Amino acid sequence: MIAPPITLKQPKQPKPVKLDAILPSFQKDTSEEKYVDFDKIIRFVSRPSPNNEFDRHVYIIDRLARIYREGVLLADWKPMATVILSLGQRIQEGGYPIMSVMEQLLSCIRPIEVLKDEQDICKAAQESAQSLIQALCSLLKVHTGNEQWIYPVIRSINTVIASSKADFQRANTLRVDFAPFSLQKDNVLVSEPHHKPNEQLRAILLEATENTDLVESVTTILKNAETQDTQFELLKCLTRLSRSNVNITTMLEQETFQVLSILMEQPEVTGAAIEIIWNGLEGNQANQVAQIMTQESALQPMKRIFDRLTLHGHKQIEKQMRNEMVLIFTTMVQVYPESAVFLLEQEVQDSATLFLTHSELNIQDDIVKDFVLTSSNDDHEFKRLSITLMKILAKYPQNLEAMIDDGLLDFSLIYLDVTTDNEGVLTWTPLQQQMLQIQILEFLSEIIPSITKEFREIDGYAYLIRYIDALIQNGKTLRRDHIDEVRTHDMLIQSCLRVFLTLTELGPNSKKILSASGIFNHLLALLSDQNQSTMVWVTSMLICSSLCQGFKANKHVFGDSGGVQVLIPFLTYQSADMDETERVILGAVECVWGTICGNLVYEDLFFKSEGIFHLLDLLEGATDKMKRHILGCVLDLLENPKAIYHLLQWRTKSSVNRGIAHLLVEMWNQEQDRVQAIKGVDGLIPLDEKMVLRGKKQAKIDLVRDGIEPDGGRAIRELQDNIRAKIYSMFHKLGFERASDLLSAEEKMELAVISKYLDFKIGEVWSEIAQEMKYERVRPISPDADCLNCVEECVQKKVEAVHKRQVELSRKTNETKKQEENQFFREWKELNIPPPLPPRGKRIHTWKRGQ
């Protein structure tokens, strides 16, 4: 009802204004744009009305509404805002007749893009949108208890800010931002596409709301709103406002989410409330929103809604809202981990687990006796979302224990039973079953490390072995031209292999069970299948390696199963995709490292199959990552004395005169260049440098001077960044003297540095210890100080010795070159042939016979 007029003191009567002087004629206008003299209108409506007569105001509003019946131009938003603000003041002064026609004017406030340049549109909107929204917001405060007045105002605000027109009672409209809803006035439907704002304009309009008190006003009105239409429009407004992080912060301050938790149990409000909560969980304040929604006053209504939608929701929109609730629970745990405990205490997890497992476990419970899932997309999505929720909650011990008690492990293995006749499983189509199996395998991969005993007692190993065997057999009959089926089958195998990889990390007992179950036969079958993806190959090789590490019996099983012969071809794998090639080769090297190294019988077979030659061939053109891995594997193979012979016999592809020693020196030089190691004149080691191994790219930090707290072990951690330690170890295994006989003089100079790598590294470590003691202001006792000084002196002597050795090598090299040059000239002299002319521009010396 319209409020009664307010008695005010009679203001001074203004001069009468002619309406024709204010507004143009309504006769047909041939111009492209209508002109409205807003200055005159503003002056008129800004004055108090004489004798509280508002007939002229009503007439002006009616004329404006007719002129802008197709929408208000963006350029007119700012003056229109001033008009609306003044009319609101007149209403407060008792101009209630104005309220009856204001709805016509408010329905016209829609953005129209008439300017050709989009930048001009956005600029114009940015300047005027805030003033217009604030003016409309002021109208809400005129009569906050009059919903007949609030409804058109909030509807107009929704139109201005391009609020969602999603119908929360219809399917496929949740969490989708639509164009402004159409307004119907005088039985004329306004054309929607003509008034649809572009995305940039929508963003500007939303940003304009951040500097207004719109959130506060809407929240205040929503607390007391009674009619469904008003609540619906208010929630539409909040839905759009919640897409802004600034507005979310304001909503937290105004306790908007607490209001939503009170109202959301109303079926008409549930969809909009879910949308707003979801927007809050997607924003920067997600953690605070989750904290509010996990309070008992909010979580209990959410649980009741979830139960109602799941048990009694038969419409598509109800099923979609049910799925949205599961997604909200999952997001709450992700952004606010403490909420996992609240979901368990408030029995939300119990409900989710019951709805997830009751069909497969045939749970006899009156609560779910009428609950049935079909093969529809919505029900299948509900199943998948519920498994994802369980996967997230399983990270917390209390929640995982409750899941196991509720039979979630039994539920998971039912889907992996290849001979199952469970009605709950057979409800789904084959493709839907496969998608659920992928998620269940990922779920098992997460929880098995925490439930090893339960998994072993339920004979989970046997389920997995039978399942991987069925997958391999099905793959043999799979048509390769059915791309989707092939892709899904590949995802199933990869997911199953990840579970096996997790099992191999549980200890010797798990490795023994898998080996006894025949896992190697299945893995080698996958490696022998050329139709498998490279990721399946790589994962299979990693599982073989993990099974054999620390369990020598499995190395014999791998070799007896023909693993060495299957593995050799992967060391020569080539692909157009370099990343793919690197993945496969790294997997093969890891498999050699884990399954063959340490088993003398199969090391000999590996050598006879030229496997070590393949490794060295890879080393020649490998990336830094591959070099580290290959060198580590070769170093372990060098524990077998026979490997030394094979390494010395190997020759590079580029030259038959280059062997392993030349390659190692070349890799050392590359590593020195990468770290920009300091070198002296003519490549000699510098005598004035204590840290001869440290490069310019490696941080040289003075802890005391720079005031940096010591992080400990920098000199040791540096070993992980380069391969110099592995190169030193390789030469140590091969023998420095033996390698020296194969190298040139320049390479011998580098070998002299390599031979003292360990001494120099020890000196770095002690220097780092001394520096940290100095930083901590710890004064060593006399024996310790003598020890530190002794280390420094020893390192310096090593540097001098290497330098002396390099100088000697350089001298011998120069003498050798001089002798070769003299021998050359003697041969020319004997042949009586003048020497070749020097290059043009050089000084020419006269050559005489006998000189």
# chains A, B, ... in the order shown; residues from 1 in each chain; ligands from 1
>>> residues_around(residues="stretch 491-498 of chain A", least_positions_apart="4", cutoff="12 Å", atoms="only C-alpha atoms", output="PyMOL selection string")
chain A and resi 416+431+433-446+448+461+463-475+484-487+502-505+519+522-523+526+532-544
>>> select_by_dssp(residues="stretch 179-349 of chain A", states="helix (DSSP H, G or I)", output="number ranges by chain")
A: 193-195, 199-209, 214-224, 228-241, 245-253, 256-263, 267-282, 286-293, 296-312, 316-335, 339-345, 348-349
>>> atom_distance(atom1="atom CA of A:Gln574", atom2="atom CA of A:Gly611")
16.0 Å
>>> atom_distance(atom1="atom CA of A:Cys633", atom2="atom CA of A:Leu615")
8.8 Å
>>> closest_residue(among="A:Arg66, A:Lys383, A:Lys642, A:Lys391", to="A:Lys733", atoms="only C-alpha atoms")
A:Lys642
>>> atom_distance(atom1="atom CA of A:Glu226", atom2="atom CA of A:Gln266")
11.9 Å
>>> closest_residue(among="A:Ile221, A:Leu64, A:Leu139, A:Val692", to="A:Gln89", atoms="only C-alpha atoms")
A:Leu139
>>> residues_around(residues="A:Val341", least_positions_apart="3", cutoff="8 Å", atoms="only C-alpha atoms", output="count of residues only")
5
